[in-house]
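File shown: input.tsv. Contents: TSV, C-alpha atoms.
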```
chain	number	residue	atom	x	y	z
A	639	MET	CA	0.00	0.00	0.00
A	640	ASN	CA	1.50	3.37	-1.00
A	641	SER	CA	1.55	6.61	0.98
A	642	LYS	CA	-1.45	8.02	-0.90
A	643	GLU	CA	-3.56	5.10	0.31
A	644	ASN	CA	-2.00	4.95	3.76
A	645	PRO	CA	-0.74	8.47	4.64
A	646	LEU	CA	1.07	9.16	7.88
A	647	VAL	CA	-1.17	11.04	10.31
A	648	SER	CA	0.57	13.34	12.80
A	649	ILE	CA	-1.50	13.73	15.97
A	650	ILE	CA	-0.74	16.88	17.94
A	651	ILE	CA	-1.53	16.91	21.67
A	652	PRO	CA	-0.97	20.05	23.76
A	653	MET	CA	-0.72	18.96	27.40
A	654	TYR	CA	-0.93	21.14	30.48
A	655	ASN	CA	-1.70	19.60	33.89
A	656	ALA	CA	-3.68	16.72	32.43
A	657	GLN	CA	-2.73	13.95	34.87
A	658	LYS	CA	-6.38	12.86	35.30
A	659	TRP	CA	-7.02	12.28	31.60
A	660	ILE	CA	-3.85	11.89	29.54
A	661	ASN	CA	-3.53	8.10	29.81
A	662	GLY	CA	-7.13	7.64	28.72
A	663	LEU	CA	-6.55	9.80	25.66
A	664	LEU	CA	-3.34	7.97	24.72
A	665	HIS	CA	-5.09	4.60	25.00
A	666	SER	CA	-7.87	5.85	22.71
A	667	ILE	CA	-5.26	6.93	20.14
A	668	LEU	CA	-3.16	3.78	20.23
A	669	ASN	CA	-6.32	1.65	19.96
A	670	GLN	CA	-7.36	3.32	16.70
A	671	THR	CA	-8.22	1.07	13.77
A	672	TYR	CA	-5.86	3.19	11.63
A	673	GLN	CA	-2.29	2.65	12.78
A	674	ASN	CA	0.02	4.66	10.49
A	675	ILE	CA	0.39	7.47	13.01
A	676	GLU	CA	2.87	9.51	14.94
A	677	VAL	CA	1.96	11.37	18.11
A	678	ILE	CA	3.62	14.66	19.05
A	679	LEU	CA	2.76	15.38	22.67
A	680	VAL	CA	3.80	18.89	23.68
A	681	ASN	CA	4.18	19.24	27.43
A	682	ASP	CA	3.38	22.93	27.91
A	683	GLY	CA	5.12	23.42	31.25
A	684	SER	CA	2.89	21.09	33.29
A	685	THR	CA	3.35	21.36	37.05
A	686	ASP	CA	1.44	18.20	38.03
A	687	GLU	CA	2.32	14.55	37.37
A	688	SER	CA	1.31	14.59	33.70
A	689	LEU	CA	4.81	14.21	32.28
A	690	ALA	CA	5.79	11.48	34.74
A	691	LEU	CA	2.64	9.52	33.88
A	692	VAL	CA	3.34	9.80	30.15
A	693	GLU	CA	6.95	8.69	30.59
A	694	LYS	CA	5.83	5.69	32.64
A	695	PHE	CA	3.16	4.88	30.04
A	696	LEU	CA	5.70	4.92	27.21
A	697	GLU	CA	8.24	2.86	29.15
A	698	GLU	CA	5.70	0.18	30.01
A	699	LEU	CA	4.39	-0.12	26.45
A	700	GLY	CA	7.69	0.39	24.64
A	701	GLU	CA	5.77	2.69	22.32
A	702	THR	CA	7.98	4.47	19.78
A	703	ARG	CA	5.32	6.40	17.86
A	704	ILE	CA	4.86	8.97	20.63
A	705	GLN	CA	7.34	11.84	20.81
A	706	VAL	CA	7.33	14.14	23.85
A	707	VAL	CA	8.36	17.76	23.36
A	708	ASN	CA	8.89	19.85	26.51
A	709	GLN	CA	8.55	23.61	26.57
A	710	GLU	CA	7.90	26.40	29.04
A	711	ASN	CA	4.24	27.26	29.49
A	712	THR	CA	3.32	29.42	26.50
A	713	GLY	CA	-0.31	28.39	25.99
A	714	VAL	CA	-2.25	25.91	23.91
A	715	SER	CA	-1.88	27.71	20.57
A	716	GLU	CA	1.90	27.80	20.64
A	717	ALA	CA	1.94	24.20	21.92
A	718	ARG	CA	-0.04	23.13	18.85
A	719	ASN	CA	2.26	25.11	16.55
A	720	GLU	CA	5.30	23.50	18.17
A	721	GLY	CA	3.73	20.10	17.66
A	722	VAL	CA	3.29	20.79	13.96
A	723	ARG	CA	6.90	21.94	13.67
A	724	ASN	CA	8.06	18.63	15.15
A	725	SER	CA	5.82	16.46	12.98
A	726	ILE	CA	6.33	14.96	9.53
A	727	GLY	CA	2.93	13.48	8.58
A	728	GLU	CA	1.09	14.39	5.40
A	729	LEU	CA	-2.08	14.75	7.47
A	730	LEU	CA	-2.44	16.64	10.74
A	731	ALA	CA	-4.95	15.98	13.51
A	732	PHE	CA	-5.30	17.80	16.82
A	733	VAL	CA	-6.73	16.60	20.10
A	734	ASP	CA	-7.01	18.14	23.56
A	735	SER	CA	-5.60	16.10	26.40
A	736	ASP	CA	-8.95	15.61	28.17
A	737	ASP	CA	-10.93	14.37	25.16
A	738	ILE	CA	-11.37	10.82	23.83
A	739	TRP	CA	-11.33	9.47	20.28
A	740	ILE	CA	-13.67	6.69	19.13
A	741	ARG	CA	-11.70	3.77	17.62
A	742	GLU	CA	-12.66	4.45	13.99
A	743	LYS	CA	-12.04	8.21	14.12
A	744	ILE	CA	-8.80	8.38	12.17
A	745	GLU	CA	-9.77	5.67	9.68
A	746	ARG	CA	-13.10	7.32	8.86
A	747	GLN	CA	-11.46	10.70	8.29
A	748	VAL	CA	-8.52	9.40	6.24
A	749	ASN	CA	-10.83	7.35	4.03
A	750	THR	CA	-13.13	10.33	3.52
A	751	MET	CA	-10.25	12.59	2.53
A	752	ILE	CA	-8.86	10.05	0.07
A	753	GLU	CA	-12.21	9.08	-1.48
A	754	LEU	CA	-13.34	12.69	-1.95
A	755	ASP	CA	-9.84	14.09	-2.62
A	756	ILE	CA	-10.35	16.90	-0.12
A	757	ALA	CA	-8.03	18.93	2.10
A	758	ALA	CA	-9.90	18.96	5.42
A	759	THR	CA	-12.53	17.06	7.33
A	760	ALA	CA	-14.14	17.19	10.76
A	761	CYS	CA	-16.64	15.05	12.61
A	762	SER	CA	-19.54	15.31	15.00
A	763	TYR	CA	-18.88	14.86	18.71
A	764	ALA	CA	-20.61	13.70	21.87
A	765	ILE	CA	-20.54	15.83	25.02
A	766	PHE	CA	-20.21	13.85	28.23
A	767	ARG	CA	-20.15	14.88	31.88
A	768	ASP	CA	-16.83	14.13	33.54
A	769	SER	CA	-18.40	13.37	36.93
A	770	ASN	CA	-20.57	10.43	35.84
A	771	LEU	CA	-19.72	9.84	32.14
A	772	GLU	CA	-23.29	10.77	31.18
A	773	ILE	CA	-23.78	11.64	27.48
A	774	LEU	CA	-25.48	15.04	27.40
A	775	ASP	CA	-25.69	15.83	23.71
A	776	VAL	CA	-24.37	15.02	20.23
A	777	VAL	CA	-23.25	18.00	18.16
A	778	HIS	CA	-23.18	18.18	14.35
A	779	PRO	CA	-21.31	21.47	13.74
A	780	ASP	CA	-22.07	23.80	10.86
A	781	TRP	CA	-18.73	24.19	9.06
A	782	SER	CA	-19.68	27.26	7.04
A	783	THR	CA	-18.70	30.91	7.40
A	784	LEU	CA	-22.13	31.60	8.89
A	785	GLY	CA	-21.67	28.67	11.24
A	786	VAL	CA	-18.34	30.02	12.45
A	787	ARG	CA	-19.94	33.42	13.09
A	788	ASN	CA	-22.57	31.69	15.18
A	789	TRP	CA	-19.87	29.87	17.19
A	790	LEU	CA	-18.30	33.21	17.99
A	791	LEU	CA	-21.66	34.70	19.02
A	792	PHE	CA	-22.53	31.66	21.18
A	793	ARG	CA	-25.57	30.97	18.98
A	794	SER	CA	-24.53	27.36	18.47
A	795	TYR	CA	-21.95	24.84	19.62
A	796	GLY	CA	-18.53	25.24	18.04
A	797	GLY	CA	-16.84	22.75	15.79
A	798	LEU	CA	-14.47	21.51	18.50
A	799	LEU	CA	-11.73	22.09	15.95
A	800	SER	CA	-9.06	21.14	18.47
A	801	SER	CA	-10.17	17.49	18.62
A	802	THR	CA	-12.24	16.81	15.47
A	803	LEU	CA	-10.29	18.43	12.65
A	804	MET	CA	-7.99	16.59	10.23
A	805	LEU	CA	-6.31	18.48	7.40
A	806	ARG	CA	-3.48	18.29	4.94
A	807	ARG	CA	-0.21	19.82	6.05
A	808	GLU	CA	-0.05	22.27	3.14
A	809	ILE	CA	-3.47	23.67	4.05
A	810	PHE	CA	-2.37	24.18	7.65
A	811	TYR	CA	0.58	26.24	6.44
A	812	LYS	CA	-1.74	28.35	4.26
A	813	ALA	CA	-4.30	28.96	7.01
A	814	GLY	CA	-2.10	28.78	10.12
A	815	PRO	CA	-0.48	28.95	12.48
A	816	PHE	CA	-2.69	29.20	15.54
A	817	ARG	CA	-2.44	32.70	16.98
A	818	SER	CA	-0.71	32.59	20.35
A	819	ASP	CA	-2.06	36.04	21.29
A	820	LEU	CA	-5.58	34.60	21.44
A	821	SER	CA	-7.07	32.14	23.90
A	822	LEU	CA	-10.22	30.16	23.07
A	823	SER	CA	-10.90	32.38	20.05
A	824	ALA	CA	-7.71	31.06	18.43
A	825	ASP	CA	-9.78	28.04	17.32
A	826	ILE	CA	-12.46	30.23	15.78
A	827	ASP	CA	-9.87	32.48	14.16
A	828	PHE	CA	-8.15	29.45	12.63
A	829	ALA	CA	-11.48	28.00	11.43
A	830	TRP	CA	-12.34	31.30	9.74
A	831	ARG	CA	-8.99	31.45	7.94
A	832	LEU	CA	-9.18	27.78	6.99
A	833	LEU	CA	-12.54	28.26	5.28
A	834	SER	CA	-11.01	30.94	3.06
A	835	PHE	CA	-8.80	28.23	1.51
A	836	THR	CA	-10.94	25.10	1.58
A	837	GLN	CA	-14.25	23.60	2.59
A	838	VAL	CA	-14.35	21.30	5.61
A	839	LYS	CA	-16.30	18.09	5.04
A	840	LEU	CA	-18.28	17.09	8.13
A	841	ILE	CA	-18.62	13.41	8.95
A	842	ARG	CA	-21.97	13.27	10.77
A	843	GLU	CA	-20.89	10.65	13.26
A	844	PRO	CA	-19.79	11.35	16.86
A	845	LEU	CA	-16.19	10.15	16.57
A	846	VAL	CA	-14.95	12.31	19.47
A	847	ALA	CA	-16.10	12.43	23.09
A	848	TYR	CA	-15.79	15.92	24.59
A	849	ARG	CA	-15.40	15.99	28.37
A	850	LEU	CA	-17.47	18.60	30.22
A	851	ARG	CA	-15.82	19.46	33.51
A	852	PRO	CA	-15.65	22.31	36.05
A	853	ASN	CA	-13.41	25.34	35.42
A	854	GLN	CA	-13.11	24.51	31.72
A	855	MET	CA	-11.66	27.16	29.43
A	856	HIS	CA	-14.35	26.55	26.78
A	857	LYS	CA	-16.99	27.50	29.36
A	858	THR	CA	-15.36	30.83	30.22
A	859	SER	CA	-16.70	33.51	27.89
A	860	ASP	CA	-14.27	36.25	28.94
A	861	LEU	CA	-11.45	34.25	27.35
A	862	LEU	CA	-12.99	34.93	23.94
A	863	ILE	CA	-10.90	38.02	23.40
A	864	SER	CA	-10.25	39.38	19.94
```
Before we go any further, please render this structure as structure tokens.
Amino acid sequence: MNSKENPLVSIIIPMYNAQKWINGLLHSILNQTYQNIEVILVNDGSTDESLALVEKFLEELGETRIQVVNQENTGVSEARNEGVRNSIGELLAFVDSDDIWIREKIERQVNTMIELDIAATACSYAIFRDSNLEILDVVHPDWSTLGVRNWLLFRSYGGLLSSTLMLRREIFYKAGPFRSDLSLSADIDFAWRLLSFTQVKLIREPLVAYRLRPNQMHKTSDLLIS
């Protein structure tokens, strides 16, 4: 099978104080049905046991596809950009350290991109409560310019770009990088720029589980600064 049929997917994980969730995410990635992957985990100056847990995880599994990059705390946007700089895959996928991927997530997206010959795809996602794992909702985002405006205005759920998006490297370089001077709105800003270069095909299946927990950045509206 050649690289066009089996492209390398670089998975970028920004990690900051994620000791409660990081092992669960890594298991969900390594258990994917699509296995031609590399994982670039950027430790963004964590002060808890996140890094120690990851190092123990890698030692126990002998896993060589996960590369850990350490940096001082500069924020999630710069951590994602640093992950891209350290990656080599034709396709890029991002995931936050407290989310979970369904086993077929990568395979479904890679196959869709190859079959339709497109540059970017995203998927629907399920929202679950961290305290009791209860599924609260399934979101099918509107990946249009109007949809992105509505995300910004809190008129609809966002696209959860940080854990659902897969795109070709050359499109990332055209639309990116993520702006490190923005917080949550860096995702919306990137989505807006991305749509000026390509459409994003939505797979209407919940292939990502988004964890709803207390003190979450995505629930703090004053971080949406422009």
Measuring atom to atom with only C-alpha atoms, identify which of A:Thr671, A:Ser715, A:Asn770, A:Asn724 is nearest to A:Phe816.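 Using only C-alpha atoms, A:Phe816 sits closest to A:Ser715.
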Shell around A:Lys658 at 12 Å using all atoms listed in the file, local window under 6 positions removed, as a short mmCIF file (atom, residue, chain, number, x, y, z; two decimals) with C-alpha atoms, in the coordinates of the input:
```cif
data_model
loop_
_atom_site.label_atom_id
_atom_site.label_comp_id
_atom_site.auth_asym_id
_atom_site.auth_seq_id
_atom_site.Cartn_x
_atom_site.Cartn_y
_atom_site.Cartn_z
CA ASP A 686 1.44 18.20 38.03
CA GLU A 687 2.32 14.55 37.37
CA SER A 688 1.31 14.59 33.70
CA LEU A 689 4.81 14.21 32.28
CA LEU A 691 2.64 9.52 33.88
CA VAL A 692 3.34 9.80 30.15
CA SER A 735 -5.60 16.10 26.40
CA ASP A 736 -8.95 15.61 28.17
CA ASP A 737 -10.93 14.37 25.16
CA ASP A 768 -16.83 14.13 33.54
CA ARG A 849 -15.40 15.99 28.37
CA ARG A 851 -15.82 19.46 33.51
#
```
Interatomic distance (Å, one decimal) between atom CA of A:Leu784 and atom CA of A:Ala829: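 Separation between atom CA of A:Leu784 and atom CA of A:Ala829: 11.5 Å.
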Separation of atom CA of A:Val706 from atom CA of A:Leu799 in Å: 22.1 Å
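Atom pair atom CA of A:Val677 / atom CA of A:Arg746: separated by 18.1 Å.
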Padding 6 Å on every side, please: axis-aligned box over the listed atoms of stretch 747-757 of chain A, centre and edge lengths to one decimal in Å, as AutoDock Vina command-line options.
```
--center_x -10.7 --center_y 13.1 --center_z 2.8 --size_x 17.3 --size_y 23.6 --size_z 22.9
```
Write out as number ranges by chain each polymer residue whose atoms come within 10 Å of A:Ala731, counting all atoms listed in the file; drop sequence neighbours fewer than 3 positions from it. A: 647-651, 677, 722, 727, 744, 747, 758-760, 799-807
